[in-house]
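What follows is a set of notes on a single structure, which appears directly below.
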Amino acid sequence: MSKGDEILRRLSERFDLREEEYASLASSKSGNPFEVIIATVISQNTNDKNTMRVMMGLRERFGSLNPEKLLEIPIEDLEEILRPAGLYKQKAKYLKRISEELRGGRLTEILRESNTEEIRRKLMGIPGIGPKTADVLLSLLGRETIAVDRHIARVSLRLGIAKDKNYESIRESLMKIFDKNDYFRAHLLLIKLGRTYCRPRNPKCSDCPLRDICDYSHLLKPGDSDEVHSNTESSLYSSN
């Protein structure tokens with residue numbers, strides 16, 4: 001059994017995955033790709049509970065979300081809706097930029113492209129959409145990619161799956177170790193691992209199901225701040 005298969009086997013035995021724990025996954029049930037982008041941007045630097053609270057506020061005001069509706073709302077009103085998710089002024093500007101770029105059905109046009117990397121390139125060319133947001137949307141659409149959030153970056157570096165700290169390097173390492181049919185499940189399970197055991201501070205190494213195959217578990221002690229990985233998170237996720 002490969003290391004990737006073993007990781008997924010152990011994590012699947014330990015964790016139950018619930019839709020409500022992942023705001024972007026919950027948003028994907030609407031069948032509206034634009035809503036997934038919005039939820040992913042809102043989720044930056046906040047938890048899924050806050051993200052879903054904001055998404056509920058947007059739906060209550062607009063019903064189904066589209067770029068034209070977000071462009072009509074005054075930015076001050078949008079900021080107020082976004083307030084529970086933090087960084088609301090910055091996120092409001094991102095959402096306005098994204099809506100401006102995707103108005104008139106441009107997102108549908110982009111997603112018709114057959115080549116995943118080309119879609120990814122076009123999405124990332126839109127101000128406010130970074131690699132994580134693009135990869136979340138593409139993975140939810142069944143495309144072959146893995147989105148890397150701060151939890152996945154931390155876990156990948158500690159396990160020794162990835163060696164370099166930049167987003168693209170971590171993504172490529174994950175796509176090599178896991179089977180393409182398991183990309184999305186790996187994404188969800190690694191997030192769960194990062195939230196539950198592999199925390200930036202006070203990681204619960206003794207309880208982790210991967211402790212014996214983790215390159216870093218024997219180096220981490222209770223109370224360690226793990227500054228290397230904390231710094232990695234801040235540098236990786238300064239954008240979406």
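Every chain in the structure tokens takes a letter, A first, then B, and so on in the order presented; its residues are numbered from 1, and the ligands are numbered from 1 following the presented order.
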TODO: Would you list the contacts of region 140-156 of chain A as a ChimeraX atom specification, taking every protein, DNA or RNA residue within 7 Å and counting only C-alpha atoms, but skipping same-chain residues closer than 5 positions in sequence?
DONE: /A:116,132,135,161-162,167,170-171,175,180,183-184,187,190-191,194-195,198,229,233,237
For Glu19 (chain A), find every residue with an atom within 12 Å (counting only C-alpha atoms), except residues of its own chain fewer than 3 positions away, and show them as a compact mmCIF listing (two decimals) with N, CA, C and O atoms, in the first residue's frame.
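For reference, out_12.txt as written:
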# COMPACT_ATOMS: atom_id res chain seq x y z
N ASP A 16 -15.30 11.02 10.63
CA ASP A 16 -16.52 11.12 9.84
C ASP A 16 -16.53 12.49 9.19
O ASP A 16 -16.26 13.50 9.86
N TYR A 22 -17.69 22.06 6.19
CA TYR A 22 -16.95 22.63 5.07
C TYR A 22 -17.87 23.58 4.30
O TYR A 22 -18.76 23.15 3.57
N ALA A 23 -17.64 24.89 4.47
CA ALA A 23 -18.54 25.88 3.90
C ALA A 23 -18.61 25.80 2.38
O ALA A 23 -19.69 25.93 1.79
N SER A 24 -17.47 25.59 1.73
CA SER A 24 -17.47 25.54 0.27
C SER A 24 -18.22 24.31 -0.23
O SER A 24 -18.94 24.38 -1.25
N LEU A 25 -18.07 23.19 0.46
CA LEU A 25 -18.79 21.98 0.08
C LEU A 25 -20.29 22.19 0.24
O LEU A 25 -21.08 21.81 -0.64
N ALA A 26 -20.70 22.81 1.34
CA ALA A 26 -22.12 23.09 1.55
C ALA A 26 -22.65 24.01 0.45
O ALA A 26 -23.75 23.81 -0.07
N SER A 27 -21.85 25.01 0.07
CA SER A 27 -22.29 25.95 -0.97
C SER A 27 -22.41 25.28 -2.33
O SER A 27 -23.21 25.69 -3.16
N SER A 28 -21.61 24.24 -2.56
CA SER A 28 -21.63 23.57 -3.86
C SER A 28 -22.96 22.86 -4.11
O SER A 28 -23.31 22.58 -5.26
N LYS A 29 -23.72 22.58 -3.06
CA LYS A 29 -24.99 21.89 -3.22
C LYS A 29 -26.01 22.73 -3.95
O LYS A 29 -27.02 22.22 -4.44
N ASP A 48 -15.70 27.89 9.49
CA ASP A 48 -16.82 27.57 8.61
C ASP A 48 -18.15 28.02 9.18
O ASP A 48 -19.07 28.35 8.43
N LYS A 49 -18.25 28.06 10.51
CA LYS A 49 -19.48 28.53 11.14
C LYS A 49 -19.74 29.98 10.76
O LYS A 49 -20.86 30.35 10.38
N MET A 52 -20.63 30.24 6.95
CA MET A 52 -22.00 29.84 6.62
C MET A 52 -23.03 30.84 7.15
O MET A 52 -24.08 31.04 6.54
N LEU A 188 -10.44 16.92 2.05
CA LEU A 188 -11.30 17.02 3.22
C LEU A 188 -10.68 16.38 4.45
O LEU A 188 -10.72 16.94 5.56
N LYS A 192 -9.43 18.01 8.10
CA LYS A 192 -9.93 17.49 9.37
C LYS A 192 -8.77 17.13 10.29
O LYS A 192 -8.81 17.41 11.50
Open item on the list: Please list as a list in words every residue within 12 Å of Arg9 (chain A), counting only C-alpha atoms and excluding residues in the same chain fewer than 5 positions away.
Closed with: Met1, Ser2, Lys3, Gly4, Arg14, Phe15, Phe178, Asp182, Arg185, Ala186, Leu189, Leu190, Pro209 and Leu210 of chain A
The selected residues should be written to file as a PDB file, in the first residue's frame (atoms: C-alpha atoms).
ATOM      1  CA  MET A   1       0.000   0.000   0.000  1.00  0.00           C
ATOM      2  CA  SER A   2       1.350   3.433  -0.945  1.00  0.00           C
ATOM      3  CA  LYS A   3       1.872   6.131   1.673  1.00  0.00           C
ATOM      4  CA  GLY A   4      -1.030   8.101   0.212  1.00  0.00           C
ATOM      5  CA  ARG A  14     -10.737   7.949  12.414  1.00  0.00           C
ATOM      6  CA  PHE A  15     -12.941  10.714  10.983  1.00  0.00           C
ATOM      7  CA  PHE A 178      -2.614  10.503  -3.813  1.00  0.00           C
ATOM      8  CA  ASP A 182      -8.997  10.404  -4.148  1.00  0.00           C
ATOM      9  CA  ARG A 185     -11.433  13.066  -0.217  1.00  0.00           C
ATOM     10  CA  ALA A 186      -7.779  13.686   0.626  1.00  0.00           C
ATOM     11  CA  LEU A 189      -9.510  14.485   5.409  1.00  0.00           C
ATOM     12  CA  LEU A 190      -6.291  16.486   5.624  1.00  0.00           C
ATOM     13  CA  PRO A 209      -3.439   8.373  13.699  1.00  0.00           C
ATOM     14  CA  LEU A 210      -0.422   9.242  11.519  1.00  0.00           C
TER      15      LEU A 210
END
- [ ] Enumerate, as a PyMOL selection string, the complete set of residues in region 57-197 of chain A that a backbone-based DSSP assignment places in helix (DSSP H, G or I).
- [x] chain A and resi 57-62+67-72+75-85+88-111+116-124+131-140+150-159+167-177+180-196
Produce a file of the selected residues containing C-alpha atoms, as an mmCIF file, in the first residue's frame.
data_model
loop_
_atom_site.group_PDB
_atom_site.id
_atom_site.type_symbol
_atom_site.label_atom_id
_atom_site.label_comp_id
_atom_site.auth_asym_id
_atom_site.auth_seq_id
_atom_site.Cartn_x
_atom_site.Cartn_y
_atom_site.Cartn_z
ATOM 1 C CA GLY A 57 -27.181 36.466 5.177
ATOM 2 C CA LEU A 58 -26.341 36.829 1.484
ATOM 3 C CA ARG A 59 -28.974 34.273 0.473
ATOM 4 C CA GLU A 60 -31.602 35.940 2.636
ATOM 5 C CA ARG A 61 -30.955 39.211 0.847
ATOM 6 C CA PHE A 62 -30.418 37.977 -2.701
ATOM 7 C CA PRO A 67 -22.292 38.804 -10.015
ATOM 8 C CA GLU A 68 -24.927 41.313 -11.051
ATOM 9 C CA LYS A 69 -26.655 41.169 -7.671
ATOM 10 C CA LEU A 70 -23.421 41.715 -5.753
ATOM 11 C CA LEU A 71 -22.522 44.645 -7.972
ATOM 12 C CA GLU A 72 -25.838 46.352 -7.209
ATOM 13 C CA ILE A 75 -20.196 48.298 -0.649
ATOM 14 C CA GLU A 76 -21.063 49.541 2.840
ATOM 15 C CA ASP A 77 -24.035 47.162 2.971
ATOM 16 C CA LEU A 78 -21.889 44.311 1.687
ATOM 17 C CA GLU A 79 -19.282 45.013 4.346
ATOM 18 C CA GLU A 80 -21.947 44.824 7.035
ATOM 19 C CA ILE A 81 -23.135 41.424 5.809
ATOM 20 C CA LEU A 82 -19.527 40.195 5.706
ATOM 21 C CA ARG A 83 -18.621 41.555 9.152
ATOM 22 C CA PRO A 84 -19.080 38.236 11.079
ATOM 23 C CA ALA A 85 -16.378 36.606 8.903
ATOM 24 C CA TYR A 88 -14.916 42.424 5.889
ATOM 25 C CA LYS A 89 -13.637 45.538 4.130
ATOM 26 C CA GLN A 90 -10.969 43.573 2.252
ATOM 27 C CA LYS A 91 -13.365 40.761 1.397
ATOM 28 C CA ALA A 92 -16.012 43.191 0.178
ATOM 29 C CA LYS A 93 -13.484 44.678 -2.250
ATOM 30 C CA TYR A 94 -12.507 41.195 -3.450
ATOM 31 C CA LEU A 95 -16.131 40.219 -4.028
ATOM 32 C CA LYS A 96 -16.827 43.410 -5.956
ATOM 33 C CA ARG A 97 -13.769 42.849 -8.174
ATOM 34 C CA ILE A 98 -14.676 39.220 -8.786
ATOM 35 C CA SER A 99 -18.272 40.134 -9.602
ATOM 36 C CA GLU A 100 -17.134 42.792 -12.056
ATOM 37 C CA GLU A 101 -14.900 40.283 -13.849
ATOM 38 C CA LEU A 102 -17.496 37.490 -13.932
ATOM 39 C CA ARG A 103 -20.597 39.465 -14.879
ATOM 40 C CA GLY A 104 -22.444 38.581 -18.046
ATOM 41 C CA GLY A 105 -21.889 34.831 -17.846
ATOM 42 C CA ARG A 106 -18.089 34.902 -18.030
ATOM 43 C CA LEU A 107 -17.732 32.198 -15.360
ATOM 44 C CA THR A 108 -19.855 29.791 -17.394
ATOM 45 C CA GLU A 109 -17.708 30.574 -20.402
ATOM 46 C CA ILE A 110 -14.482 29.911 -18.497
ATOM 47 C CA LEU A 111 -15.753 26.617 -17.101
ATOM 48 C CA THR A 116 -8.212 22.019 -16.188
ATOM 49 C CA GLU A 117 -4.962 23.968 -16.019
ATOM 50 C CA GLU A 118 -6.271 26.486 -18.531
ATOM 51 C CA ILE A 119 -9.419 27.034 -16.487
ATOM 52 C CA ARG A 120 -7.246 27.415 -13.417
ATOM 53 C CA ARG A 121 -5.044 29.978 -15.164
ATOM 54 C CA LYS A 122 -8.041 32.020 -16.271
ATOM 55 C CA LEU A 123 -9.639 31.961 -12.828
ATOM 56 C CA MET A 124 -6.403 32.996 -11.152
ATOM 57 C CA PRO A 131 -4.970 29.364 -6.314
ATOM 58 C CA LYS A 132 -6.907 28.049 -3.350
ATOM 59 C CA THR A 133 -10.223 29.504 -4.519
ATOM 60 C CA ALA A 134 -9.644 28.230 -8.054
ATOM 61 C CA ASP A 135 -8.710 24.757 -6.834
ATOM 62 C CA VAL A 136 -11.655 24.506 -4.435
ATOM 63 C CA LEU A 137 -14.071 25.273 -7.258
ATOM 64 C CA LEU A 138 -12.370 22.941 -9.731
ATOM 65 C CA SER A 139 -12.196 20.049 -7.269
ATOM 66 C CA LEU A 140 -15.883 20.436 -6.447
ATOM 67 C CA ARG A 150 -3.496 26.477 5.790
ATOM 68 C CA HIS A 151 -4.316 23.180 7.496
ATOM 69 C CA ILE A 152 -3.289 21.099 4.493
ATOM 70 C CA ALA A 153 -0.070 23.087 4.068
ATOM 71 C CA ARG A 154 0.875 22.516 7.695
ATOM 72 C CA VAL A 155 0.017 18.811 7.601
ATOM 73 C CA SER A 156 1.838 18.241 4.307
ATOM 74 C CA LEU A 157 5.038 19.845 5.587
ATOM 75 C CA ARG A 158 4.977 18.026 8.899
ATOM 76 C CA LEU A 159 4.256 14.638 7.357
ATOM 77 C CA TYR A 167 1.479 26.739 -2.640
ATOM 78 C CA GLU A 168 2.213 25.199 -6.026
ATOM 79 C CA SER A 169 4.931 22.934 -4.665
ATOM 80 C CA ILE A 170 2.642 21.598 -1.942
ATOM 81 C CA ARG A 171 -0.194 21.061 -4.424
ATOM 82 C CA GLU A 172 2.056 19.158 -6.823
ATOM 83 C CA SER A 173 3.394 16.969 -4.007
ATOM 84 C CA LEU A 174 -0.124 16.068 -2.900
ATOM 85 C CA MET A 175 -1.199 15.249 -6.455
ATOM 86 C CA LYS A 176 1.737 12.846 -6.739
ATOM 87 C CA ILE A 177 1.158 10.954 -3.481
ATOM 88 C CA LYS A 180 -6.433 11.244 -8.745
ATOM 89 C CA ASN A 181 -9.731 9.596 -7.798
ATOM 90 C CA ASP A 182 -8.997 10.404 -4.148
ATOM 91 C CA TYR A 183 -8.005 14.062 -4.515
ATOM 92 C CA PHE A 184 -11.166 15.566 -3.066
ATOM 93 C CA ARG A 185 -11.433 13.066 -0.217
ATOM 94 C CA ALA A 186 -7.779 13.686 0.626
ATOM 95 C CA HIS A 187 -8.470 17.422 0.708
ATOM 96 C CA LEU A 188 -11.304 17.019 3.223
ATOM 97 C CA LEU A 189 -9.510 14.485 5.409
ATOM 98 C CA LEU A 190 -6.291 16.486 5.624
ATOM 99 C CA ILE A 191 -8.251 19.562 6.676
ATOM 100 C CA LYS A 192 -9.927 17.489 9.371
ATOM 101 C CA LEU A 193 -6.548 16.204 10.525
ATOM 102 C CA GLY A 194 -5.184 19.742 10.741
ATOM 103 C CA ARG A 195 -8.170 20.985 12.684
ATOM 104 C CA THR A 196 -8.298 18.066 15.092
#
